[in-house]
$ cat work-v9.txt   # compact mmCIF, C-alpha atoms and all ligand atoms
# COMPACT_ATOMS: atom_id res chain seq x y z
CA MET R 1 0.00 0.00 0.00
CA ASP R 2 1.79 3.11 -1.12
CA SER R 3 -0.94 5.58 -2.04
CA GLU R 4 -4.46 6.78 -1.29
CA VAL R 5 -5.71 6.25 -4.81
CA GLY R 6 -4.13 3.13 -6.33
CA PRO R 7 -6.83 0.60 -7.37
CA LEU R 8 -8.30 -0.69 -4.12
CA ARG R 9 -8.09 -4.47 -3.79
CA ALA R 10 -9.02 -5.29 -0.21
CA VAL R 11 -10.53 -3.30 2.62
CA LEU R 12 -11.48 -3.86 6.25
CA LEU R 13 -14.95 -2.57 7.18
CA HIS R 14 -17.07 -2.94 10.27
CA ARG R 15 -20.77 -3.52 9.70
CA PRO R 16 -22.39 -1.60 12.57
CA GLY R 17 -24.33 -3.80 14.97
CA ALA R 18 -25.45 -4.14 18.55
CA GLU R 19 -22.84 -1.67 19.79
CA LEU R 20 -24.82 1.16 18.16
CA LYS R 21 -27.92 0.09 20.11
CA ARG R 22 -26.11 1.05 23.29
CA LEU R 23 -26.16 4.74 22.39
CA THR R 24 -28.56 6.88 24.45
CA PRO R 25 -28.99 10.63 24.82
CA ARG R 26 -27.06 10.27 28.09
CA ASN R 27 -23.97 8.62 26.71
CA ASN R 28 -23.78 9.68 23.05
CA ASP R 29 -21.45 12.62 23.61
CA GLN R 30 -18.97 10.58 25.56
CA LEU R 31 -19.20 7.84 22.95
CA LEU R 32 -18.47 10.40 20.21
CA PHE R 33 -21.80 10.26 18.36
CA ASP R 34 -23.77 13.41 17.61
CA SER R 35 -27.16 11.73 17.73
CA ILE R 36 -28.79 8.36 18.16
CA PRO R 37 -28.63 6.39 14.91
CA TRP R 38 -31.48 4.22 13.62
CA VAL R 39 -29.50 1.01 13.60
CA ASP R 40 -31.41 -0.97 10.95
CA ARG R 41 -31.09 1.87 8.49
CA ALA R 42 -27.42 2.37 9.34
CA GLN R 43 -26.88 -1.29 8.50
CA GLU R 44 -28.69 -0.91 5.18
CA GLU R 45 -26.54 2.09 4.33
CA HIS R 46 -23.43 0.18 5.28
CA ASP R 47 -24.44 -2.87 3.25
CA ALA R 48 -24.92 -0.62 0.22
CA PHE R 49 -21.45 0.87 0.84
CA ALA R 50 -19.94 -2.63 0.92
CA GLU R 51 -21.82 -3.60 -2.25
CA THR R 52 -20.52 -0.55 -4.07
CA LEU R 53 -16.99 -1.60 -3.19
CA VAL R 54 -17.60 -5.21 -4.21
CA SER R 55 -19.03 -4.01 -7.54
CA ARG R 56 -15.65 -2.35 -8.12
CA ASP R 57 -13.81 -5.62 -7.48
CA VAL R 58 -12.79 -4.74 -3.95
CA GLU R 59 -12.60 -7.62 -1.47
CA VAL R 60 -14.48 -6.60 1.67
CA MET R 61 -13.34 -8.13 4.93
CA LEU R 62 -15.60 -7.55 7.93
CA LEU R 63 -14.01 -6.81 11.27
CA ALA R 64 -16.43 -8.95 13.30
CA ASP R 65 -15.71 -12.02 11.16
CA ALA R 66 -11.98 -11.41 11.36
CA LEU R 67 -12.23 -11.08 15.13
CA VAL R 68 -14.12 -14.36 15.52
CA THR R 69 -11.51 -16.11 13.37
CA ALA R 70 -8.70 -14.67 15.49
CA LEU R 71 -10.44 -15.63 18.73
CA THR R 72 -10.59 -19.28 17.76
CA ASP R 73 -6.91 -19.30 18.72
CA GLU R 74 -6.77 -20.03 22.46
CA ARG R 75 -4.06 -17.46 23.13
CA ALA R 76 -6.06 -14.74 21.41
CA HIS R 77 -9.16 -15.77 23.34
CA ALA R 78 -7.35 -15.53 26.67
CA ALA R 79 -5.74 -12.21 25.84
CA ALA R 80 -9.04 -10.76 24.60
CA ALA R 81 -10.90 -11.77 27.75
CA ASP R 82 -8.16 -10.12 29.74
CA THR R 83 -8.41 -6.79 27.88
CA ALA R 84 -12.13 -6.63 28.62
CA VAL R 85 -11.76 -6.86 32.39
CA ASP R 86 -11.14 -3.44 33.89
CA ARG R 87 -10.33 -4.07 37.55
CA ARG R 88 -10.57 -0.41 38.40
CA ARG R 89 -14.15 -0.43 37.30
CA VAL R 90 -15.44 -3.79 38.47
CA GLY R 91 -13.29 -4.29 41.56
CA HIS R 92 -11.44 -7.42 42.55
CA GLU R 93 -14.46 -9.42 43.65
CA LEU R 94 -16.16 -9.18 40.29
CA ALA R 95 -13.04 -9.14 38.10
CA ASP R 96 -12.33 -12.82 38.58
CA ALA R 97 -15.96 -13.75 38.05
CA LEU R 98 -16.17 -11.66 34.90
CA GLY R 99 -12.89 -13.11 33.65
CA SER R 100 -14.10 -16.65 34.11
CA HIS R 101 -17.43 -15.86 32.48
CA LEU R 102 -15.70 -14.44 29.42
CA SER R 103 -13.26 -17.35 29.27
CA GLY R 104 -16.21 -19.70 29.04
CA LEU R 105 -17.72 -18.02 25.98
CA ASP R 106 -17.11 -19.35 22.49
CA ALA R 107 -15.30 -17.16 19.97
CA ALA R 108 -18.49 -15.61 18.58
CA GLY R 109 -19.93 -14.94 22.04
CA LEU R 110 -16.74 -13.30 23.20
CA ALA R 111 -16.54 -11.19 20.03
CA ASP R 112 -20.07 -9.95 20.75
CA VAL R 113 -19.15 -8.82 24.25
CA LEU R 114 -15.93 -7.21 23.08
CA THR R 115 -17.72 -5.12 20.46
CA ALA R 116 -21.19 -4.51 21.92
CA GLY R 117 -20.06 -4.43 25.55
CA MET R 118 -21.94 -5.86 28.51
CA THR R 119 -24.11 -4.37 31.25
CA PHE R 120 -24.23 -5.45 34.88
CA GLU R 121 -27.68 -6.80 34.17
CA GLU R 122 -26.35 -9.01 31.38
CA LEU R 123 -23.61 -10.55 33.47
CA PRO R 124 -25.17 -13.79 34.69
CA ALA R 125 -26.30 -13.44 38.32
CA ALA R 126 -24.39 -16.56 39.25
CA GLU R 127 -21.17 -14.63 38.63
CA GLY R 128 -20.84 -13.13 42.07
CA ALA R 129 -22.79 -10.56 44.07
CA SER R 130 -20.13 -8.00 44.91
CA LEU R 131 -20.62 -4.53 46.37
CA VAL R 132 -19.78 -3.13 42.94
CA ARG R 133 -22.50 -5.13 41.36
CA ARG R 134 -25.07 -4.22 43.95
CA MET R 135 -24.33 -0.51 43.86
CA HIS R 136 -24.14 -0.07 40.10
CA HIS R 137 -27.22 0.58 38.02
CA PRO R 138 -28.16 -2.57 36.09
CA HIS R 139 -27.68 -0.68 32.80
CA ASP R 140 -24.17 0.51 33.64
CA PHE R 141 -21.47 -1.13 31.57
CA VAL R 142 -19.23 -3.86 32.93
CA VAL R 143 -17.54 -3.81 29.53
CA ASP R 144 -17.94 -0.67 27.41
CA PRO R 145 -19.46 -0.90 23.93
CA LEU R 146 -17.31 0.26 21.00
CA PRO R 147 -19.67 2.13 18.61
CA ASN R 148 -16.73 3.80 16.86
CA LEU R 149 -15.39 0.48 15.57
CA LEU R 150 -17.39 1.55 12.51
CA PHE R 151 -14.52 3.91 11.70
CA THR R 152 -11.94 1.28 10.84
CA ARG R 153 -9.75 3.96 9.27
CA ASP R 154 -8.65 5.22 12.63
CA SER R 155 -7.62 2.09 14.50
CA SER R 156 -5.05 0.70 12.06
CA VAL R 157 -3.22 1.91 8.96
CA TRP R 158 -1.33 0.00 6.30
CA ILE R 159 1.83 1.68 5.11
CA GLY R 160 3.73 -0.27 2.49
CA ASN R 161 3.68 -3.91 3.58
CA ARG R 162 3.37 -3.04 7.26
CA VAL R 163 0.49 -2.33 9.52
CA ALA R 164 0.52 0.41 12.11
CA ILE R 165 -1.79 -0.10 15.05
CA ALA R 166 -3.02 3.33 16.02
CA SER R 167 -2.78 4.77 19.48
CA LEU R 168 -6.25 6.26 19.93
CA ALA R 169 -6.56 9.44 21.94
CA MET R 170 -10.14 9.28 23.17
CA PRO R 171 -11.00 7.02 26.13
CA ALA R 172 -14.17 5.88 24.31
CA ARG R 173 -12.02 4.35 21.57
CA ASN R 174 -9.03 3.10 23.48
CA ARG R 175 -9.96 -0.55 23.56
CA GLU R 176 -10.50 -0.75 19.79
CA THR R 177 -6.81 -1.15 19.17
CA ALA R 178 -6.62 -4.19 21.44
CA LEU R 179 -9.04 -5.93 19.10
CA LEU R 180 -7.13 -4.89 15.98
CA ASP R 181 -3.93 -6.03 17.63
CA LEU R 182 -5.42 -9.51 18.12
CA ILE R 183 -6.78 -9.66 14.57
CA TYR R 184 -3.40 -8.81 13.08
CA ALA R 185 -1.57 -11.19 15.39
CA TYR R 186 -3.85 -14.23 15.10
CA HIS R 187 -5.87 -14.06 11.89
CA PRO R 188 -4.10 -16.44 9.49
CA ARG R 189 -4.22 -13.86 6.71
CA PHE R 190 -2.14 -11.36 8.66
CA ARG R 191 0.24 -13.55 10.59
CA ALA R 192 3.18 -12.59 8.41
CA ALA R 193 2.44 -8.86 8.42
CA GLY R 194 5.16 -6.69 9.94
CA ARG R 195 4.26 -3.92 12.34
CA ALA R 196 5.06 -0.26 11.92
CA TYR R 197 3.62 1.19 15.14
CA GLY R 198 1.97 0.13 18.35
CA ALA R 199 -0.98 1.08 20.51
CA HIS R 200 1.29 1.99 23.42
CA SER R 201 3.15 4.65 21.46
CA ALA R 202 2.26 8.35 21.36
CA PRO R 203 -1.23 9.12 19.97
CA VAL R 204 -1.68 8.66 16.20
CA GLU R 205 -5.08 8.02 14.58
CA GLY R 206 -5.45 6.68 11.05
CA GLY R 207 -7.79 9.50 10.01
CA ASP R 208 -4.78 11.77 10.29
CA VAL R 209 -2.53 9.69 8.06
CA LEU R 210 -2.61 10.31 4.29
CA LEU R 211 -0.36 8.45 1.86
CA LEU R 212 0.05 11.33 -0.59
CA ALA R 213 2.29 9.40 -2.98
CA PRO R 214 4.75 6.50 -2.75
CA GLY R 215 7.24 7.54 -0.06
CA VAL R 216 5.29 10.62 1.03
CA LEU R 217 2.99 10.80 4.06
CA ALA R 218 0.99 13.65 5.54
CA ILE R 219 0.09 13.37 9.22
CA GLY R 220 -2.47 15.72 10.74
CA VAL R 221 -1.68 16.94 14.25
CA GLY R 222 -4.66 18.21 16.22
CA GLU R 223 -7.36 16.85 18.48
CA ARG R 224 -6.21 13.25 18.08
CA THR R 225 -2.67 12.85 16.79
CA THR R 226 -0.08 14.64 18.92
CA PRO R 227 3.23 16.16 17.78
CA ALA R 228 5.01 13.27 19.51
CA GLY R 229 2.78 10.81 17.67
CA ALA R 230 3.61 12.33 14.27
CA GLU R 231 7.30 12.33 15.12
CA SER R 232 7.40 8.74 16.29
CA LEU R 233 5.42 7.43 13.32
CA ALA R 234 7.84 9.34 11.07
CA ARG R 235 10.79 7.70 12.87
CA SER R 236 9.26 4.32 12.42
CA VAL R 237 8.48 4.68 8.70
CA PHE R 238 11.93 6.15 8.04
CA ALA R 239 13.59 3.28 9.89
CA ASP R 240 11.65 0.78 7.78
CA GLY R 241 12.40 2.65 4.55
CA LEU R 242 8.68 3.18 3.91
CA ALA R 243 8.87 6.93 3.32
CA HIS R 244 11.37 9.64 2.52
CA THR R 245 9.19 12.59 3.57
CA VAL R 246 6.51 13.02 6.22
CA LEU R 247 4.57 16.27 6.36
CA ALA R 248 3.32 17.07 9.86
CA VAL R 249 0.24 19.25 9.34
CA PRO R 250 -1.28 21.22 12.22
CA ILE R 251 -5.08 21.24 12.16
CA VAL R 252 -7.48 23.08 14.45
CA GLN R 253 -8.25 21.13 17.62
CA ASP R 254 -11.96 20.95 17.15
CA ARG R 255 -14.60 18.28 16.68
CA ALA R 256 -15.34 19.46 13.12
CA THR R 257 -11.70 18.90 12.17
CA MET R 258 -10.85 15.96 14.41
CA HIS R 259 -8.71 14.34 11.71
CA LEU R 260 -6.84 15.58 8.64
CA ASP R 261 -9.23 13.53 6.47
CA THR R 262 -12.14 15.74 7.57
CA VAL R 263 -10.63 18.66 5.64
CA CYS R 264 -8.66 16.96 2.88
CA THR R 265 -8.61 13.61 1.04
CA MET R 266 -6.97 12.49 -2.18
CA VAL R 267 -9.25 11.91 -5.14
CA ASP R 268 -6.66 11.39 -7.87
CA ARG R 269 -2.90 10.98 -8.24
CA ASP R 270 -2.45 14.74 -8.18
CA ALA R 271 -5.73 16.04 -6.75
CA VAL R 272 -7.36 16.53 -3.37
CA VAL R 273 -10.80 17.65 -2.26
CA MET R 274 -10.22 20.27 0.40
CA TYR R 275 -12.11 22.57 2.71
CA PRO R 276 -11.58 26.08 1.23
CA ALA R 277 -11.43 27.66 4.69
CA VAL R 278 -8.09 25.92 5.32
CA ARG R 279 -6.78 25.83 1.77
CA ASP R 280 -4.54 28.88 2.04
CA THR R 281 -3.60 28.63 5.68
CA LEU R 282 -2.71 24.95 6.00
CA VAL R 283 1.01 24.53 6.62
CA ALA R 284 3.35 21.59 7.00
CA TYR R 285 6.54 20.79 8.85
CA PRO R 286 8.46 18.58 6.42
CA LEU R 287 10.23 15.73 8.24
CA ARG R 288 13.06 13.75 6.68
CA PRO R 289 15.39 11.06 7.96
CA GLY R 290 18.06 12.70 10.10
CA THR R 291 21.35 11.38 11.40
CA ASP R 292 21.47 8.28 13.64
CA GLY R 293 17.87 7.25 13.08
CA GLY R 294 16.62 10.70 14.05
CA VAL R 295 14.07 12.95 12.39
CA ALA R 296 15.11 16.26 10.81
CA VAL R 297 12.46 18.96 10.77
CA SER R 298 12.10 22.07 8.58
CA GLY R 299 9.34 24.59 7.85
CA PRO R 300 6.63 25.47 8.46
CA VAL R 301 5.84 25.97 4.78
CA PRO R 302 2.51 26.13 2.89
CA PHE R 303 1.05 22.62 2.81
CA LEU R 304 0.16 22.56 -0.89
CA ASP R 305 3.66 23.60 -1.94
CA ALA R 306 5.34 21.15 0.41
CA ALA R 307 3.09 18.34 -0.78
CA ALA R 308 3.71 19.01 -4.48
CA GLU R 309 7.44 19.20 -3.92
CA ALA R 310 7.62 15.97 -1.93
CA MET R 311 5.38 14.21 -4.44
CA GLY R 312 7.55 15.41 -7.33
CA ILE R 313 4.72 17.13 -9.20
CA ASP R 314 4.29 20.74 -10.31
CA ARG R 315 1.10 21.37 -8.45
CA LEU R 316 -1.47 19.53 -6.35
CA ARG R 317 -4.90 20.21 -7.86
CA VAL R 318 -7.43 21.34 -5.29
CA ILE R 319 -11.17 20.81 -5.58
CA ASP R 320 -13.13 22.89 -3.07
CA THR R 321 -15.84 21.64 -0.75
CA GLY R 322 -19.13 23.40 -1.55
CA LEU R 323 -19.59 26.63 -3.48
CA ASP R 324 -20.04 29.41 -0.96
CA PRO R 325 -18.62 29.52 2.57
CA VAL R 326 -21.86 28.42 4.25
CA THR R 327 -22.42 25.41 1.99
CA ALA R 328 -18.76 24.58 2.35
CA GLU R 329 -19.06 24.63 6.13
CA ARG R 330 -22.18 22.44 6.04
CA GLU R 331 -20.68 19.94 3.61
CA GLN R 332 -17.38 19.84 5.47
CA TRP R 333 -19.29 18.96 8.66
CA ASP R 334 -21.17 16.25 6.74
CA ASP R 335 -17.92 14.68 5.58
CA GLY R 336 -17.96 16.08 2.06
CA ASN R 337 -14.15 15.95 2.11
CA ASN R 338 -14.09 12.45 3.47
CA THR R 339 -14.02 10.50 0.24
CA LEU R 340 -12.65 7.00 -0.35
CA ALA R 341 -10.80 6.51 -3.62
CA VAL R 342 -11.32 3.08 -5.20
CA ALA R 343 -9.03 3.99 -8.13
CA PRO R 344 -7.37 7.19 -9.40
CA GLY R 345 -10.22 9.62 -10.09
CA VAL R 346 -12.98 7.35 -8.74
CA VAL R 347 -14.30 7.99 -5.22
CA VAL R 348 -17.10 6.95 -2.90
CA ALA R 349 -18.83 9.96 -1.30
CA TYR R 350 -21.95 10.74 0.70
CA GLU R 351 -24.79 11.73 -1.65
CA ARG R 352 -25.93 14.53 0.66
CA ASN R 353 -22.94 16.72 -0.20
CA VAL R 354 -24.52 17.76 -3.44
CA GLU R 355 -22.36 20.74 -4.31
CA THR R 356 -19.06 19.14 -3.44
CA ASN R 357 -19.95 16.08 -5.50
CA GLU R 358 -20.88 18.27 -8.46
CA ARG R 359 -17.55 20.03 -8.19
CA LEU R 360 -15.72 16.73 -8.09
CA GLU R 361 -17.52 15.64 -11.24
CA ALA R 362 -16.83 18.93 -12.96
CA ALA R 363 -13.14 18.29 -12.24
CA GLY R 364 -13.38 14.89 -13.93
CA VAL R 365 -13.71 12.69 -10.84
CA GLU R 366 -16.23 9.85 -10.93
CA VAL R 367 -18.37 9.94 -7.78
CA LEU R 368 -20.02 6.78 -6.46
CA ARG R 369 -22.72 8.15 -4.17
CA MET R 370 -23.90 6.45 -1.01
CA SER R 371 -26.52 7.43 1.54
CA GLY R 372 -25.31 8.05 5.04
CA SER R 373 -28.03 9.82 7.00
CA GLU R 374 -27.62 7.36 9.88
CA LEU R 375 -23.98 6.37 9.45
CA GLY R 376 -23.05 10.06 9.44
CA SER R 377 -24.31 10.56 12.99
CA GLY R 378 -20.94 9.34 14.23
CA ARG R 379 -19.25 12.08 12.16
CA GLY R 380 -17.40 10.02 9.65
CA GLY R 381 -17.64 9.41 5.91
CA PRO R 382 -16.54 6.72 3.46
CA ARG R 383 -12.85 7.25 4.18
CA CYS R 384 -13.26 7.00 7.94
CA MET R 385 -15.34 3.86 7.57
CA SER R 386 -12.71 1.93 5.63
CA CYS R 387 -9.23 0.61 6.28
CA PRO R 388 -7.59 -0.24 2.94
CA ILE R 389 -5.47 -3.38 3.29
CA THR R 390 -4.23 -3.69 -0.28
CA ARG R 391 -4.09 -1.30 -3.20
CA ALA R 392 -2.43 -1.96 -6.53
CA ALA R 393 0.65 0.17 -7.12
CA LEU R 394 0.06 3.43 -8.95
N1 LIG V 1 -11.15 9.38 10.17
C1 LIG V 1 -12.18 9.99 10.71
N2 LIG V 1 -12.47 11.23 10.37
N3 LIG V 1 -12.90 9.33 11.62
C2 LIG V 1 -14.09 9.82 12.22
C3 LIG V 1 -14.27 9.24 13.57
C4 LIG V 1 -15.56 9.62 14.23
C5 LIG V 1 -15.70 9.12 15.62
N4 LIG V 1 -17.01 9.32 16.12
C6 LIG V 1 -14.69 9.79 16.54
O1 LIG V 1 -14.97 10.82 17.05
O2 LIG V 1 -13.63 9.30 16.77
$ encode --input "work-v9.txt" --output "structure tokens"
Amino acid sequence: MDSEVGPLRAVLLHRPGAELKRLTPRNNDQLLFDSIPWVDRAQEEHDAFAETLVSRDVEVMLLADALVTALTDERAHAAAADTAVDRRRVGHELADALGSHLSGLDAAGLADVLTAGMTFEELPAAEGASLVRRMHHPHDFVVDPLPNLLFTRDSSVWIGNRVAIASLAMPARNRETALLDLIYAYHPRFRAAGRAYGAHSAPVEGGDVLLLAPGVLAIGVGERTTPAGAESLARSVFADGLAHTVLAVPIVQDRATMHLDTVCTMVDRDAVVMYPAVRDTLVAYPLRPGTDGGVAVSGPVPFLDAAAEAMGIDRLRVIDTGLDPVTAEREQWDDGNNTLAVAPGVVVAYERNVETNERLEAAGVEVLRMSGSELGSGRGGPRCMSCPITRAAL
């Protein structure tokens, strides 16, 4: 995998399920959803997304299936049960009982608990009657649900032939990486895959990582990825010879711009769709391999210039989100910039971003529209909802 736009061959998606049914008006903010999605419709939208990809010869791998396969390995099963027991939350009395309950589940049952979570009420009564259990509300979570698993882009990233496990910044998403870690370690398909990063390193989320061209990465630094995260991922890809330039790109620390891919994604070899409000102000700190495995930093310089130079092209074409500033702001919020390229000049985009999609088409980009009225309530578009595993070389 050395670009954002090479013909997509295989992708990891997560079909939303029971974990979305855990969202309530009381917990949705903390769980990073803006409203309460209608789950059946979200599934229909997601199925249509997957079908669009399949119709373009993309192999779709579903995270829940991959997790069950990984959990059939005893070591993965034991490790997974362990990651789900938070002693600080459930106390020592209940921790052992919960651990033994989870150990007794089959792979599919355990995968359900790991993704959809578990309430005190759902933990069989036979499993101990501790103070913690008696004082908690029956609907409180013993194991938290992971509704943001939907956004497979963020939890792991393929760079070259290696996979980087993200280090997620928000507590609501922290445990996602433990599941990805197990999938990559125990699923037979991935056993040989080398690692480029780990969940215990400084925060880096996949939505911030753009593979601008072979050997060139952009990493957004803002609400999620920290400066230390960008620097250590750069170190790691330099050490593995996966890149010669990494552009660290500061973005506003705000929910609307939580990741770099909320303001900019690649739609062709030399073109991006970009939020006009940041177009002229976005800068980059170019990073290059330094002496003794270090990272040399220069800049800041205008992002578009730095990107074109590193990519070895004259100019990066920019297609604006929306027409006027208000439409642009609305369509940016609704993930108009968050497109997924299935080939150079062919992208999947939310249908609701009418003006941005028209602009893309006017610029010669083929737009495969999908509905996302429910999926979008988690604030993520086609790019966020996909983790490309293989792309053909450009
Ligand atoms: N790559 C992205 N833009 N991902 C969007 C993630 C949305 C998710 N609700 C979160 O806040 O983490």
$ closest_residue --input "work-v9.txt" --among "R:Ser371, R:Asn337, R:Gln30, R:Asn174" --to "Ser155 of chain R" --atoms "only C-alpha atoms"
R:Asn174
$ closest_residue --input "work-v9.txt" --among "R:Phe141, R:Trp333, R:Trp38, R:Tyr184" --to "ligand LIG 1 (chain V)" --atoms "all atoms listed in the file"
R:Trp333
$ residues_near_ligand --input "work-v9.txt" --ligand "ligand LIG 1 (chain V)" --cutoff "7 Å" --atoms "only C-alpha atoms and all ligand atoms" --output "mmCIF file with C-alpha atoms, keeping the file's coordinate frame"
data_model
loop_
_atom_site.group_PDB
_atom_site.id
_atom_site.type_symbol
_atom_site.label_atom_id
_atom_site.label_comp_id
_atom_site.auth_asym_id
_atom_site.auth_seq_id
_atom_site.Cartn_x
_atom_site.Cartn_y
_atom_site.Cartn_z
ATOM 1 C CA LEU R 32 -18.470 10.400 20.210
ATOM 2 C CA PHE R 33 -21.800 10.260 18.360
ATOM 3 C CA ASN R 148 -16.730 3.800 16.860
ATOM 4 C CA PHE R 151 -14.520 3.910 11.700
ATOM 5 C CA ARG R 153 -9.750 3.960 9.270
ATOM 6 C CA ASP R 154 -8.650 5.220 12.630
ATOM 7 C CA GLY R 206 -5.450 6.680 11.050
ATOM 8 C CA GLY R 207 -7.790 9.500 10.010
ATOM 9 C CA ASP R 208 -4.780 11.770 10.290
ATOM 10 C CA MET R 258 -10.850 15.960 14.410
ATOM 11 C CA HIS R 259 -8.710 14.340 11.710
ATOM 12 C CA ASP R 261 -9.230 13.530 6.470
ATOM 13 C CA THR R 262 -12.140 15.740 7.570
ATOM 14 C CA GLY R 378 -20.940 9.340 14.230
ATOM 15 C CA ARG R 379 -19.250 12.080 12.160
ATOM 16 C CA GLY R 380 -17.400 10.020 9.650
ATOM 17 C CA ARG R 383 -12.850 7.250 4.180
ATOM 18 C CA CYS R 384 -13.260 7.000 7.940
#
$ residues_around --input "work-v9.txt" --residues "Gly6 of chain R" --least-positions-apart "6" --cutoff "10 Å" --atoms "all atoms listed in the file" --output "mmCIF file with C-alpha atoms, in the frame of the given file"
data_model
loop_
_atom_site.group_PDB
_atom_site.id
_atom_site.type_symbol
_atom_site.label_atom_id
_atom_site.label_comp_id
_atom_site.auth_asym_id
_atom_site.auth_seq_id
_atom_site.Cartn_x
_atom_site.Cartn_y
_atom_site.Cartn_z
ATOM 1 C CA ALA R 213 2.290 9.400 -2.980
ATOM 2 C CA ASP R 268 -6.660 11.390 -7.870
ATOM 3 C CA ARG R 269 -2.900 10.980 -8.240
ATOM 4 C CA ALA R 341 -10.800 6.510 -3.620
ATOM 5 C CA VAL R 342 -11.320 3.080 -5.200
ATOM 6 C CA ALA R 343 -9.030 3.990 -8.130
ATOM 7 C CA PRO R 344 -7.370 7.190 -9.400
ATOM 8 C CA GLY R 345 -10.220 9.620 -10.090
ATOM 9 C CA THR R 390 -4.230 -3.690 -0.280
ATOM 10 C CA ARG R 391 -4.090 -1.300 -3.200
ATOM 11 C CA ALA R 392 -2.430 -1.960 -6.530
ATOM 12 C CA ALA R 393 0.650 0.170 -7.120
ATOM 13 C CA LEU R 394 0.060 3.430 -8.950
#
$ closest_residue --input "work-v9.txt" --among "R:Pro124, R:Gly104, R:Pro25, R:Gly381" --to "Ala78 of chain R" --atoms "all atoms listed in the file"
R:Gly104
$ closest_residue --input "work-v9.txt" --among "R:Gly222, R:Ser236, R:Val132, R:Ala178" --to "His92 of chain R" --atoms "all atoms listed in the file"
R:Val132
$ closest_residue --input "work-v9.txt" --among "R:Gln253, R:Ser232, R:Thr52, R:Thr245" --to "Val348 of chain R" --atoms "all atoms listed in the file"
R:Thr52
$ residues_around --input "work-v9.txt" --residues "Pro250 of chain R" --least-positions-apart "5" --cutoff "10 Å" --atoms "only C-alpha atoms" --output "PyMOL selection string"
chain R and resi 219-223+225-227+260+282-285+300+303
$ write_last_selection --input "work-v9.txt" --atoms "C-alpha atoms" --output "compact mmCIF listing (two decimals), in the coordinates of the input"
# COMPACT_ATOMS: atom_id res chain seq x y z
CA ILE R 219 0.09 13.37 9.22
CA GLY R 220 -2.47 15.72 10.74
CA VAL R 221 -1.68 16.94 14.25
CA GLY R 222 -4.66 18.21 16.22
CA GLU R 223 -7.36 16.85 18.48
CA THR R 225 -2.67 12.85 16.79
CA THR R 226 -0.08 14.64 18.92
CA PRO R 227 3.23 16.16 17.78
CA LEU R 260 -6.84 15.58 8.64
CA LEU R 282 -2.71 24.95 6.00
CA VAL R 283 1.01 24.53 6.62
CA ALA R 284 3.35 21.59 7.00
CA TYR R 285 6.54 20.79 8.85
CA PRO R 300 6.63 25.47 8.46
CA PHE R 303 1.05 22.62 2.81
